[in-house]
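Raw contents of query-v7.txt, compact mmCIF, C-alpha atoms and all ligand atoms:
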```
# COMPACT_ATOMS: atom_id res chain seq x y z
CA MET A 1 -38.21 28.08 -4.14
CA LEU A 2 -35.88 25.12 -4.44
CA ASP A 3 -37.00 22.04 -6.36
CA VAL A 4 -35.70 19.67 -3.68
CA THR A 5 -36.92 16.50 -5.42
CA ARG A 6 -34.81 17.39 -8.47
CA ILE A 7 -31.87 18.56 -6.37
CA ARG A 8 -31.78 15.25 -4.49
CA GLN A 9 -31.22 13.38 -7.74
CA ASP A 10 -27.87 15.17 -8.05
CA PHE A 11 -26.60 13.63 -4.81
CA PRO A 12 -25.80 9.93 -5.29
CA ILE A 13 -25.22 9.31 -1.57
CA LEU A 14 -28.78 10.33 -0.69
CA ALA A 15 -30.01 7.12 -2.35
CA ARG A 16 -28.05 5.07 0.20
CA ARG A 17 -29.52 2.98 2.95
CA VAL A 18 -27.90 2.93 6.38
CA HIS A 19 -28.65 0.05 8.76
CA GLY A 20 -31.37 -1.01 6.35
CA LYS A 21 -33.13 2.38 6.42
CA PRO A 22 -33.06 5.21 3.87
CA LEU A 23 -30.33 7.66 4.88
CA VAL A 24 -31.47 10.92 6.47
CA TYR A 25 -28.35 13.06 6.45
CA LEU A 26 -28.62 15.83 9.06
CA ASP A 27 -24.94 16.42 9.81
CA ASN A 28 -24.45 19.22 7.31
CA ALA A 29 -22.82 21.63 9.73
CA ALA A 30 -19.95 19.12 9.96
CA THR A 31 -19.73 18.57 6.22
CA THR A 32 -22.21 18.53 3.35
CA GLN A 33 -22.76 15.87 0.71
CA LYS A 34 -21.48 16.43 -2.86
CA PRO A 35 -23.52 16.64 -6.05
CA ARG A 36 -22.39 14.57 -9.02
CA GLN A 37 -21.29 17.81 -10.77
CA VAL A 38 -18.61 18.25 -8.08
CA ILE A 39 -17.65 14.57 -8.08
CA GLU A 40 -17.40 14.63 -11.89
CA ALA A 41 -15.22 17.76 -11.77
CA LEU A 42 -12.72 15.83 -9.64
CA VAL A 43 -12.83 12.81 -11.97
CA THR A 44 -12.49 15.00 -15.08
CA TYR A 45 -9.56 16.88 -13.60
CA TYR A 46 -7.65 13.73 -12.68
CA SER A 47 -8.54 11.87 -15.88
CA GLN A 48 -8.06 14.76 -18.36
CA HIS A 49 -6.05 17.70 -17.00
CA ASN A 50 -3.88 16.59 -14.07
CA ALA A 51 -0.67 18.64 -13.91
CA ASN A 52 1.03 20.99 -11.49
CA ILE A 53 -0.04 24.61 -11.93
CA HIS A 54 1.69 27.90 -12.72
CA ARG A 55 5.14 26.49 -13.54
CA GLY A 56 4.50 24.21 -16.49
CA LEU A 57 4.79 25.21 -20.12
CA HIS A 58 2.86 22.25 -21.48
CA ALA A 59 -0.81 22.03 -22.39
CA LEU A 60 -1.95 20.11 -19.32
CA ALA A 61 -0.25 22.58 -16.97
CA GLU A 62 -1.91 25.47 -18.77
CA GLU A 63 -5.33 23.82 -18.61
CA ALA A 64 -4.93 23.04 -14.91
CA THR A 65 -3.72 26.58 -14.18
CA ALA A 66 -6.60 28.16 -16.10
CA ALA A 67 -9.15 25.98 -14.26
CA TYR A 68 -7.56 26.68 -10.86
CA GLU A 69 -7.43 30.44 -11.42
CA GLY A 70 -10.95 30.28 -12.87
CA ALA A 71 -12.14 28.84 -9.56
CA ARG A 72 -10.48 31.77 -7.78
CA GLU A 73 -12.38 34.22 -9.99
CA ARG A 74 -15.62 32.40 -9.30
CA ALA A 75 -14.97 32.40 -5.54
CA ALA A 76 -14.28 36.14 -5.69
CA ARG A 77 -17.57 36.71 -7.57
CA PHE A 78 -19.48 34.46 -5.21
CA LEU A 79 -18.26 36.41 -2.17
CA ASN A 80 -18.13 39.79 -3.92
CA ALA A 81 -14.44 40.10 -3.09
CA GLN A 82 -11.51 41.02 -5.32
CA THR A 83 -9.81 38.12 -7.10
CA ARG A 84 -6.43 39.28 -5.79
CA GLY A 85 -7.85 39.09 -2.29
CA VAL A 86 -8.88 35.42 -2.50
CA VAL A 87 -6.39 32.94 -1.02
CA PHE A 88 -7.00 29.18 -1.12
CA THR A 89 -6.06 27.30 2.04
CA ARG A 90 -6.70 23.76 3.32
CA ASN A 91 -9.82 24.74 5.27
CA ALA A 92 -11.37 27.59 7.25
CA THR A 93 -9.16 26.69 10.21
CA GLU A 94 -6.00 27.24 8.20
CA ALA A 95 -7.39 30.51 6.84
CA ILE A 96 -7.91 31.82 10.39
CA ASN A 97 -4.45 30.62 11.46
CA LEU A 98 -2.98 32.32 8.41
CA PHE A 99 -4.40 35.69 9.37
CA ALA A 100 -3.88 35.30 13.13
CA GLN A 101 -0.21 34.40 12.64
CA ALA A 102 0.76 36.51 9.63
CA TRP A 103 -1.03 39.67 10.76
CA GLY A 104 -1.16 39.09 14.51
CA ARG A 105 2.50 38.39 15.18
CA ALA A 106 3.55 41.55 13.33
CA ASN A 107 0.87 43.88 14.66
CA LEU A 108 -0.01 42.83 18.22
CA LYS A 109 1.95 43.74 21.32
CA PRO A 110 1.49 43.43 25.09
CA GLY A 111 -1.54 45.44 26.21
CA ASP A 112 -3.37 45.08 22.90
CA GLU A 113 -6.68 43.25 22.93
CA ILE A 114 -8.19 40.57 20.72
CA LEU A 115 -11.98 40.50 20.96
CA LEU A 116 -13.85 37.23 20.37
CA THR A 117 -17.23 35.88 21.47
CA GLU A 118 -18.26 33.08 23.80
CA MET A 119 -19.70 31.03 20.96
CA GLU A 120 -16.69 30.66 18.70
CA HIS A 121 -15.68 27.34 17.17
CA HIS A 122 -12.28 26.21 18.48
CA SER A 123 -10.96 27.21 15.05
CA ASN A 124 -11.66 30.86 15.82
CA LEU A 125 -10.42 30.60 19.38
CA VAL A 126 -7.26 28.51 19.61
CA PRO A 127 -5.38 30.37 16.81
CA TRP A 128 -5.96 33.60 18.77
CA GLN A 129 -4.83 31.96 22.01
CA LEU A 130 -1.60 31.02 20.24
CA VAL A 131 -1.03 34.50 18.89
CA ALA A 132 -1.91 36.05 22.28
CA GLN A 133 0.70 33.82 23.94
CA ALA A 134 3.28 34.79 21.34
CA THR A 135 2.66 38.54 21.46
CA GLY A 136 1.44 39.26 24.99
CA ALA A 137 -1.90 40.56 23.69
CA GLN A 138 -4.99 39.89 25.83
CA LEU A 139 -8.08 37.92 24.83
CA ARG A 140 -11.45 39.54 25.60
CA PHE A 141 -14.87 37.99 25.06
CA ALA A 142 -18.30 39.32 24.23
CA GLN A 143 -20.98 37.41 26.12
CA ILE A 144 -24.05 35.95 24.47
CA THR A 145 -27.62 36.12 25.74
CA ASP A 146 -29.25 33.09 27.36
CA ASP A 147 -31.04 32.29 24.12
CA GLY A 148 -27.72 32.35 22.26
CA ARG A 149 -27.82 35.73 20.52
CA LEU A 150 -24.95 38.17 20.19
CA GLU A 151 -26.21 41.67 20.97
CA VAL A 152 -24.33 44.67 19.57
CA GLU A 153 -24.53 46.32 22.98
CA ARG A 154 -22.61 43.47 24.62
CA VAL A 155 -19.85 43.80 22.06
CA ARG A 156 -19.77 47.56 22.54
CA ARG A 157 -19.20 47.00 26.27
CA VAL A 158 -15.95 45.08 25.74
CA LEU A 159 -14.62 47.00 22.75
CA THR A 160 -11.93 49.47 23.84
CA PRO A 161 -9.27 51.61 22.17
CA LYS A 162 -6.90 48.72 22.97
CA THR A 163 -8.91 46.34 20.76
CA LYS A 164 -6.83 45.69 17.65
CA VAL A 165 -8.79 42.86 16.11
CA VAL A 166 -12.32 41.52 16.45
CA ALA A 167 -13.04 37.99 15.24
CA PHE A 168 -16.48 36.38 15.37
CA THR A 169 -18.65 33.85 13.66
CA LEU A 170 -21.36 34.99 11.25
CA MET A 171 -23.42 31.87 12.06
CA SER A 172 -22.91 29.63 15.08
CA ASN A 173 -22.28 25.97 14.28
CA VAL A 174 -24.03 24.99 17.51
CA LEU A 175 -26.91 27.45 17.97
CA GLY A 176 -27.47 28.54 14.39
CA THR A 177 -27.31 32.16 15.59
CA ILE A 178 -26.67 34.75 12.88
CA THR A 179 -24.66 37.65 14.30
CA PRO A 180 -25.25 41.34 13.43
CA ALA A 181 -21.99 41.34 11.48
CA ALA A 182 -22.25 44.56 9.43
CA GLU A 183 -23.07 46.58 12.56
CA LEU A 184 -20.24 44.93 14.50
CA VAL A 185 -17.81 45.71 11.67
CA ARG A 186 -18.78 49.40 11.77
CA LEU A 187 -18.39 49.46 15.53
CA ALA A 188 -14.97 47.76 15.44
CA HIS A 189 -13.70 49.96 12.61
CA ALA A 190 -14.77 53.06 14.50
CA GLN A 191 -12.35 51.92 17.24
CA GLY A 192 -9.64 51.28 14.67
CA ALA A 193 -9.79 47.47 15.01
CA LEU A 194 -9.64 45.02 12.11
CA VAL A 195 -12.40 42.44 11.72
CA LEU A 196 -12.23 38.78 10.78
CA VAL A 197 -15.58 37.14 10.08
CA ASP A 198 -15.76 33.35 10.37
CA GLY A 199 -18.12 32.45 7.55
CA ALA A 200 -17.61 28.66 7.73
CA GLN A 201 -21.32 28.17 8.54
CA ALA A 202 -22.86 31.29 7.03
CA VAL A 203 -21.35 31.29 3.54
CA PRO A 204 -22.90 27.90 2.63
CA HIS A 205 -26.36 28.90 3.81
CA MET A 206 -27.07 32.55 3.04
CA PRO A 207 -25.96 35.31 0.71
CA VAL A 208 -22.71 36.73 2.13
CA ASP A 209 -21.24 39.82 0.49
CA PHE A 210 -17.67 40.57 1.58
CA ALA A 211 -17.75 44.15 0.27
CA ALA A 212 -21.15 44.93 1.83
CA LEU A 213 -20.13 43.43 5.17
CA GLY A 214 -17.11 45.69 5.11
CA CYS A 215 -14.96 43.27 7.11
CA ASP A 216 -11.23 42.92 6.54
CA VAL A 217 -11.10 39.13 6.34
CA LEU A 218 -13.77 36.51 5.67
CA VAL A 219 -13.10 32.76 5.79
CA ALA A 220 -15.03 29.70 4.61
CA SER A 221 -14.57 25.96 3.99
CA ALA A 222 -15.42 24.31 0.65
CA HIS A 223 -16.55 21.02 2.20
CA LYS A 224 -19.37 22.71 4.09
CA MET A 225 -20.80 24.07 0.82
CA LEU A 226 -20.95 21.04 -1.51
CA GLY A 227 -17.22 21.13 -2.30
CA PRO A 228 -14.43 18.67 -1.48
CA THR A 229 -12.55 18.50 1.81
CA GLY A 230 -9.08 20.01 1.85
CA VAL A 231 -10.00 23.43 0.43
CA GLY A 232 -10.61 26.61 2.39
CA VAL A 233 -10.88 30.19 1.33
CA LEU A 234 -9.70 33.44 2.82
CA ALA A 235 -11.07 36.64 1.31
CA ALA A 236 -9.33 39.82 2.37
CA ARG A 237 -8.61 43.34 1.22
CA PRO A 238 -5.65 42.97 -1.18
CA ASP A 239 -3.84 45.90 0.44
CA LEU A 240 -4.10 44.14 3.81
CA LEU A 241 -2.64 40.95 2.31
CA GLU A 242 0.14 42.99 0.74
CA SER A 243 1.02 44.52 4.09
CA MET A 244 1.38 41.07 5.70
CA GLU A 245 4.41 38.80 5.82
CA PRO A 246 3.90 35.25 4.49
CA PHE A 247 2.35 32.55 6.68
CA LEU A 248 4.16 29.54 5.15
CA GLY A 249 7.35 29.54 3.12
CA GLY A 250 8.22 27.34 0.16
CA GLY A 251 7.65 26.99 -3.54
CA GLU A 252 5.21 29.21 -5.43
CA MET A 253 5.04 31.97 -2.81
CA ILE A 254 8.38 33.54 -3.81
CA ALA A 255 9.54 36.05 -6.42
CA ASP A 256 13.23 35.23 -5.96
CA VAL A 257 15.28 33.10 -3.61
CA GLN A 258 18.92 33.48 -2.53
CA LEU A 259 20.63 31.03 -0.22
CA THR A 260 19.92 33.14 2.84
CA SER A 261 16.93 35.26 1.84
CA ALA A 262 13.93 35.47 -0.44
CA THR A 263 11.43 37.96 -1.83
CA TRP A 264 7.72 37.33 -2.12
CA ASN A 265 5.37 36.65 -4.98
CA GLU A 266 2.40 38.97 -5.48
CA VAL A 267 -0.82 38.39 -3.58
CA PRO A 268 -2.67 36.08 -3.41
CA TRP A 269 0.09 33.60 -4.39
CA LYS A 270 2.35 34.92 -1.63
CA PHE A 271 0.06 32.99 0.73
CA GLU A 272 -0.18 29.76 -1.26
CA ALA A 273 3.10 27.98 -0.53
CA GLY A 274 3.59 24.57 -2.13
CA THR A 275 1.32 22.58 -4.43
CA PRO A 276 -2.30 23.27 -3.50
CA HIS A 277 -5.28 20.90 -3.71
CA ILE A 278 -5.67 21.71 -7.41
CA GLY A 279 -8.43 19.25 -8.23
CA GLY A 280 -10.23 20.20 -5.03
CA VAL A 281 -10.16 23.90 -5.83
CA ILE A 282 -11.46 23.24 -9.34
CA ALA A 283 -14.26 21.06 -7.95
CA PHE A 284 -15.01 23.80 -5.40
CA GLY A 285 -15.56 26.09 -8.39
CA GLU A 286 -18.22 23.62 -9.58
CA ALA A 287 -19.84 23.66 -6.13
CA LEU A 288 -20.03 27.46 -6.31
CA ALA A 289 -21.53 27.23 -9.80
CA TYR A 290 -24.14 24.80 -8.44
CA LEU A 291 -25.04 27.17 -5.58
CA GLU A 292 -25.16 30.13 -7.98
CA ARG A 293 -27.63 28.28 -10.21
CA LEU A 294 -29.90 27.62 -7.23
CA GLY A 295 -29.50 31.17 -5.94
CA MET A 296 -28.30 31.79 -2.39
CA ALA A 297 -31.48 33.69 -1.53
CA ASN A 298 -33.45 30.52 -2.37
CA VAL A 299 -31.03 28.38 -0.35
CA ARG A 300 -31.58 30.69 2.62
CA GLN A 301 -35.38 30.65 2.18
CA HIS A 302 -35.40 26.84 2.15
CA ALA A 303 -33.28 26.79 5.33
CA MET A 304 -35.69 29.16 7.07
CA ASP A 305 -38.76 27.14 6.04
CA LEU A 306 -37.23 23.84 7.11
CA THR A 307 -35.81 25.22 10.36
CA ARG A 308 -39.18 26.75 11.29
CA TYR A 309 -40.84 23.39 10.68
CA ALA A 310 -38.12 21.52 12.59
CA LEU A 311 -38.27 23.86 15.60
CA GLU A 312 -42.06 23.47 15.76
CA ARG A 313 -41.93 19.70 15.57
CA LEU A 314 -38.99 19.36 17.95
CA ALA A 315 -40.53 21.69 20.53
CA ALA A 316 -43.42 19.21 20.80
CA VAL A 317 -41.11 16.32 21.76
CA PRO A 318 -41.57 15.68 25.50
CA GLY A 319 -38.55 16.46 27.65
CA ILE A 320 -36.61 18.29 24.92
CA MET A 321 -34.37 21.25 25.63
CA LEU A 322 -33.71 23.37 22.52
CA TYR A 323 -30.78 25.78 22.37
CA GLY A 324 -30.43 28.96 20.31
CA PRO A 325 -32.85 31.59 19.00
CA ARG A 326 -36.39 30.49 18.09
CA ASP A 327 -36.85 33.15 15.41
CA VAL A 328 -35.67 31.68 12.09
CA VAL A 329 -34.76 35.15 10.78
CA GLN A 330 -32.04 35.24 13.42
CA ARG A 331 -30.69 31.79 12.82
CA GLY A 332 -29.61 29.12 10.36
CA GLY A 333 -30.42 25.44 10.21
CA ALA A 334 -28.08 24.02 12.85
CA VAL A 335 -30.41 22.95 15.67
CA SER A 336 -28.92 21.79 18.98
CA PHE A 337 -30.96 20.07 21.66
CA ASN A 338 -30.92 17.56 24.51
CA LEU A 339 -33.49 15.04 25.68
CA GLU A 340 -34.09 14.97 29.40
CA GLY A 341 -32.31 12.06 31.07
CA LEU A 342 -30.59 10.83 27.91
CA HIS A 343 -26.94 11.26 27.04
CA PRO A 344 -26.50 12.96 23.64
CA HIS A 345 -24.21 10.14 22.49
CA ASP A 346 -26.90 7.56 23.29
CA VAL A 347 -29.43 9.62 21.35
CA GLY A 348 -27.02 9.85 18.41
CA THR A 349 -26.46 6.10 18.45
CA VAL A 350 -30.16 5.28 18.41
CA LEU A 351 -30.71 7.83 15.63
CA ASP A 352 -27.94 6.22 13.60
CA GLY A 353 -29.72 2.87 13.97
CA GLU A 354 -32.77 4.55 12.41
CA GLY A 355 -30.68 5.80 9.49
CA VAL A 356 -30.64 9.39 10.80
CA ALA A 357 -27.15 10.94 10.83
CA VAL A 358 -26.73 13.73 13.38
CA ARG A 359 -23.82 14.88 15.50
CA ALA A 360 -23.57 14.52 19.26
CA GLY A 361 -20.79 16.09 21.29
CA HIS A 362 -19.26 19.48 22.02
CA HIS A 363 -19.15 20.51 18.33
CA CYS A 364 -15.66 22.01 18.77
CA ALA A 365 -17.16 24.71 20.97
CA LYS A 366 -16.31 23.66 24.52
CA PRO A 367 -16.50 27.16 26.05
CA LEU A 368 -19.98 27.54 24.56
CA MET A 369 -21.01 24.18 26.05
CA ARG A 370 -19.92 25.48 29.46
CA ARG A 371 -21.87 28.69 28.89
CA LEU A 372 -24.96 26.57 28.12
CA GLY A 373 -24.27 24.45 31.21
CA VAL A 374 -24.00 21.17 29.32
CA ALA A 375 -21.19 18.80 28.34
CA ALA A 376 -22.64 18.07 24.93
CA THR A 377 -25.71 18.43 22.72
CA VAL A 378 -27.32 16.57 19.85
CA ARG A 379 -27.20 18.66 16.67
CA ALA A 380 -29.33 18.21 13.58
CA SER A 381 -28.24 20.49 10.77
CA PHE A 382 -30.06 20.93 7.47
CA TYR A 383 -29.08 21.78 3.93
CA LEU A 384 -30.66 22.42 0.58
CA TYR A 385 -31.49 18.76 -0.10
CA ASN A 386 -33.28 18.08 3.19
CA THR A 387 -37.05 17.76 3.38
CA ARG A 388 -39.89 18.01 5.88
CA GLU A 389 -40.28 14.24 5.66
CA GLU A 390 -36.71 13.93 6.90
CA VAL A 391 -37.50 16.21 9.83
CA ASP A 392 -40.44 13.88 10.58
CA ARG A 393 -38.05 10.90 10.48
CA LEU A 394 -35.78 12.72 12.96
CA VAL A 395 -38.67 13.32 15.34
CA GLU A 396 -39.85 9.69 15.06
CA ALA A 397 -36.30 8.51 15.74
CA LEU A 398 -36.09 10.73 18.83
CA ARG A 399 -39.27 9.16 20.12
CA ALA A 400 -37.73 5.76 19.38
CA ALA A 401 -34.69 6.78 21.45
CA GLN A 402 -36.94 7.77 24.34
CA ALA A 403 -38.85 4.49 24.06
CA PHE A 404 -35.61 2.52 23.84
CA PHE A 405 -34.27 3.99 27.05
CA ASN A 406 -37.74 3.67 28.53
CA ARG A 407 -37.97 7.25 29.72
CA PRO A 408 -41.20 8.48 31.26
CA VAL A 409 -42.82 10.77 28.69
CA ARG A 410 -43.93 14.05 30.23
CA SER A 411 -46.02 16.70 28.59
CA ALA A 412 -44.28 19.09 26.20
CA ALA A 413 -42.87 22.34 27.59
C1 LIG B 1 -18.18 28.20 12.71
C2 LIG B 1 -17.05 27.34 12.25
N1 LIG B 1 -15.84 27.88 12.08
C3 LIG B 1 -14.79 27.18 11.65
C4 LIG B 1 -14.91 25.84 11.36
C5 LIG B 1 -13.72 25.10 10.89
O1 LIG B 1 -13.93 24.57 9.62
P1 LIG B 1 -12.85 23.52 9.05
O2 LIG B 1 -12.85 22.36 9.99
O3 LIG B 1 -13.39 23.17 7.72
O4 LIG B 1 -11.56 24.22 9.03
C6 LIG B 1 -16.14 25.21 11.53
C7 LIG B 1 -16.29 23.77 11.29
O5 LIG B 1 -17.17 23.12 11.81
C8 LIG B 1 -17.24 25.99 11.97
O6 LIG B 1 -18.44 25.44 12.14
```

Kindly return the structure encoded in the file as structure tokens.
Amino acid sequence: MLDVTRIRQDFPILARRVHGKPLVYLDNAATTQKPRQVIEALVTYYSQHNANIHRGLHALAEEATAAYEGARERAARFLNAQTRGVVFTRNATEAINLFAQAWGRANLKPGDEILLTEMEHHSNLVPWQLVAQATGAQLRFAQITDDGRLEVERVRRVLTPKTKVVAFTLMSNVLGTITPAAELVRLAHAQGALVLVDGAQAVPHMPVDFAALGCDVLVASAHKMLGPTGVGVLAARPDLLESMEPFLGGGEMIADVQLTSATWNEVPWKFEAGTPHIGGVIAFGEALAYLERLGMANVRQHAMDLTRYALERLAAVPGIMLYGPRDVVQRGGAVSFNLEGLHPHDVGTVLDGEGVAVRAGHHCAKPLMRRLGVAATVRASFYLYNTREEVDRLVEALRAAQAFFNRPVRSAA
């Protein structure tokens, strides 16, 4: 069990008022708030240790390098991946582009197939469109069920001997759906395809074990798990990284450089061209330490409890349409919905006036919006510091939105 009252004291921003009301922050799928331990790690780095890493011979450079590489070790432990297989990027998006470009361009050819799902974030869709255009490979899609689940059988139907890579989200940022990843990995590997798992939403909210999943690549974003923006992580099998050409060229990723050619550094540094977000990576290490202290199983339990409560309360709001699975075992705490007759942006604006921060829009998943038959949804997404009282505030604010736009209130579905 999480001690949410104590946890909230670690997050200075949660004491804020917005439009005169106590802030209820329910936009965690977009980015999470930061505990003071993470904020202090940034301040300490810049006020005590700031230096460029790896190259320097002086004390500050050594301290910064040790802290940066320490964060890599912690990330590897957190994900149960090998340290040599952990590459820091700018975000999950860059991690997916890295793999799609560096592996895809060298290994895909016309006639090959890239298998994705209908509910991918644009970040796990557009990079594959680019690599398909460059290589002549074809994009294929596994369909989801009407309640937003990804069934193994539907993936099996579109997986063929031509499938060379399968890339899917472990948790949908719109529907909350958790996909049967380990089973899908086995299925894809049996066809000889590699698997990239987009863990941008799952890794912050549930225990995710790279080795147990068995996938080839797993990506995540620090800012969605208490860390700073500007840091992403790619975990991969080191031998796979070794077999790949670099994604970006420049300083740090080389072993030697001649005027017309170069040789590459060892992995993971081969994929970290230029000066990285050193302070950000170090602060990300603090975020991981914070999550480890809480225990990811407890974080997941809290999400399930809160999501169950939220789904119950929301389902009782007249004229609401809820998207995604109803069973909290099959989903995380991103809850998308619409109110009959109200535009999601109008709902979001009224909620903001009540101090309740949610997201309204297509959530960078336009094909999924089309599949759901809507242009946009309202999304409330929870994290470890959210409470039942905040869910109540959300529901009250939704009723305020309905009253504001003077909608007739019909009985609950
Ligand atoms: C499922 C999923 N994948 C990828 C991303 C991209 O993350 P970032 O914008 O941090 O690169 C997001 C962000 O919302 C996401 O929800």

Practice task
Identify, counting only C-alpha atoms and all ligand atoms, the protein, DNA and RNA residues located within 9 Å of ligand LIG 1 (chain B), and give them as an MDAnalysis selection string.
Solution key: chainID A and resid 29:31 90:96 119:124 168:174 198:202 219:224 229:232 363:365

Expected residue set, 12 Å radius at (-28.5, 5.9, 21.1), only C-alpha atoms, as a PDB file with C-alpha atoms, in the frame of the given file:
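Saved the output as result_32.pdb:
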```pdb
ATOM      1  CA  LEU A 339     -33.490  15.040  25.680  1.00  0.00           C
ATOM      2  CA  LEU A 342     -30.590  10.830  27.910  1.00  0.00           C
ATOM      3  CA  HIS A 343     -26.940  11.260  27.040  1.00  0.00           C
ATOM      4  CA  PRO A 344     -26.500  12.960  23.640  1.00  0.00           C
ATOM      5  CA  HIS A 345     -24.210  10.140  22.490  1.00  0.00           C
ATOM      6  CA  ASP A 346     -26.900   7.560  23.290  1.00  0.00           C
ATOM      7  CA  VAL A 347     -29.430   9.620  21.350  1.00  0.00           C
ATOM      8  CA  GLY A 348     -27.020   9.850  18.410  1.00  0.00           C
ATOM      9  CA  THR A 349     -26.460   6.100  18.450  1.00  0.00           C
ATOM     10  CA  VAL A 350     -30.160   5.280  18.410  1.00  0.00           C
ATOM     11  CA  LEU A 351     -30.710   7.830  15.630  1.00  0.00           C
ATOM     12  CA  ASP A 352     -27.940   6.220  13.600  1.00  0.00           C
ATOM     13  CA  GLY A 353     -29.720   2.870  13.970  1.00  0.00           C
ATOM     14  CA  GLU A 354     -32.770   4.550  12.410  1.00  0.00           C
ATOM     15  CA  GLY A 355     -30.680   5.800   9.490  1.00  0.00           C
ATOM     16  CA  VAL A 356     -30.640   9.390  10.800  1.00  0.00           C
ATOM     17  CA  ALA A 357     -27.150  10.940  10.830  1.00  0.00           C
ATOM     18  CA  VAL A 358     -26.730  13.730  13.380  1.00  0.00           C
ATOM     19  CA  ARG A 359     -23.820  14.880  15.500  1.00  0.00           C
ATOM     20  CA  ALA A 360     -23.570  14.520  19.260  1.00  0.00           C
ATOM     21  CA  VAL A 378     -27.320  16.570  19.850  1.00  0.00           C
ATOM     22  CA  ALA A 397     -36.300   8.510  15.740  1.00  0.00           C
ATOM     23  CA  LEU A 398     -36.090  10.730  18.830  1.00  0.00           C
ATOM     24  CA  ARG A 399     -39.270   9.160  20.120  1.00  0.00           C
ATOM     25  CA  ALA A 400     -37.730   5.760  19.380  1.00  0.00           C
ATOM     26  CA  ALA A 401     -34.690   6.780  21.450  1.00  0.00           C
ATOM     27  CA  GLN A 402     -36.940   7.770  24.340  1.00  0.00           C
ATOM     28  CA  ALA A 403     -38.850   4.490  24.060  1.00  0.00           C
ATOM     29  CA  PHE A 404     -35.610   2.520  23.840  1.00  0.00           C
ATOM     30  CA  PHE A 405     -34.270   3.990  27.050  1.00  0.00           C
TER      31      PHE A 405
END
```

Problem - Between CA of Ser336 in chain A and CA of Leu311 in chain A - distance in Å to one decimal - result: 10.2 Å

Exercise for the section: Skip Gly104 in chain A itself and residues of its chain fewer than 4 positions away, then list as a list in words all residues within 8 Å of it, counting all atoms listed in the file. Expected result: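 Those residues are Phe99, Ala100, Leu108, Val131 and Thr135 of chain A.
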
Practice task
Compile the contact shell of Tyr323 in chain A as a ChimeraX atom specification: residues with an atom at most 7 Å away, counting all atoms listed in the file, same-chain residues fewer than 4 positions apart removed.
Solution key: /A:147,175,336-337

Handout entry: Residue nearest Gln143 in chain A - candidates A:Val166, A:Ala334, A:Glu118, A:Gln101, atoms counted: all atoms listed in the file
Key =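 Answer, going by the shortest atom-to-atom distance: A:Glu118.
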
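With distances restricted to all atoms listed in the file, A:Val395 is the closest residue to Pro318 in chain A from A:Val43, A:Val395, A:Ala71, A:Ala137.
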
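Distances from A:Arg326, A:Lys270, A:Arg331, A:His277 to His205 in chain A were compared using all atoms listed in the file, and the smallest one belongs to A:Arg331.
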
Handout entry: Atom pair CA of Gly251 in chain A / CA of Gly274 in chain A: separation (Å)
Key =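 One can read the CA of Gly251 in chain A to CA of Gly274 in chain A distance as 4.9 Å.
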
Handout entry: Distance of CA of Gly192 in chain A from CA of Ala142 in chain A, expressed in Å to one decimal place
Key = 17.6 Å

Exercise for the section: Rank A:Ala182, A:Ala67, A:Leu26, A:Leu42 by their smallest atom-to-atom distance to Val335 in chain A, using all atoms listed in the file, and report the top residue only. Expected result: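 Among A:Ala182, A:Ala67, A:Leu26, A:Leu42, it is A:Leu26 that comes nearest to Val335 in chain A.
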
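Counting all atoms listed in the file, the residue from A:Leu384, A:Leu139, A:Ile53, A:Ala102 that sits nearest to Gly249 in chain A is A:Ala102.
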
Handout entry: A:Gly148, A:Pro204, A:Pro127, A:Gly214 ranked by distance to Glu292 in chain A, top pick (using all atoms listed in the file)
Key =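 Among the listed residues, the smallest separation from Glu292 in chain A belongs to A:Pro204.
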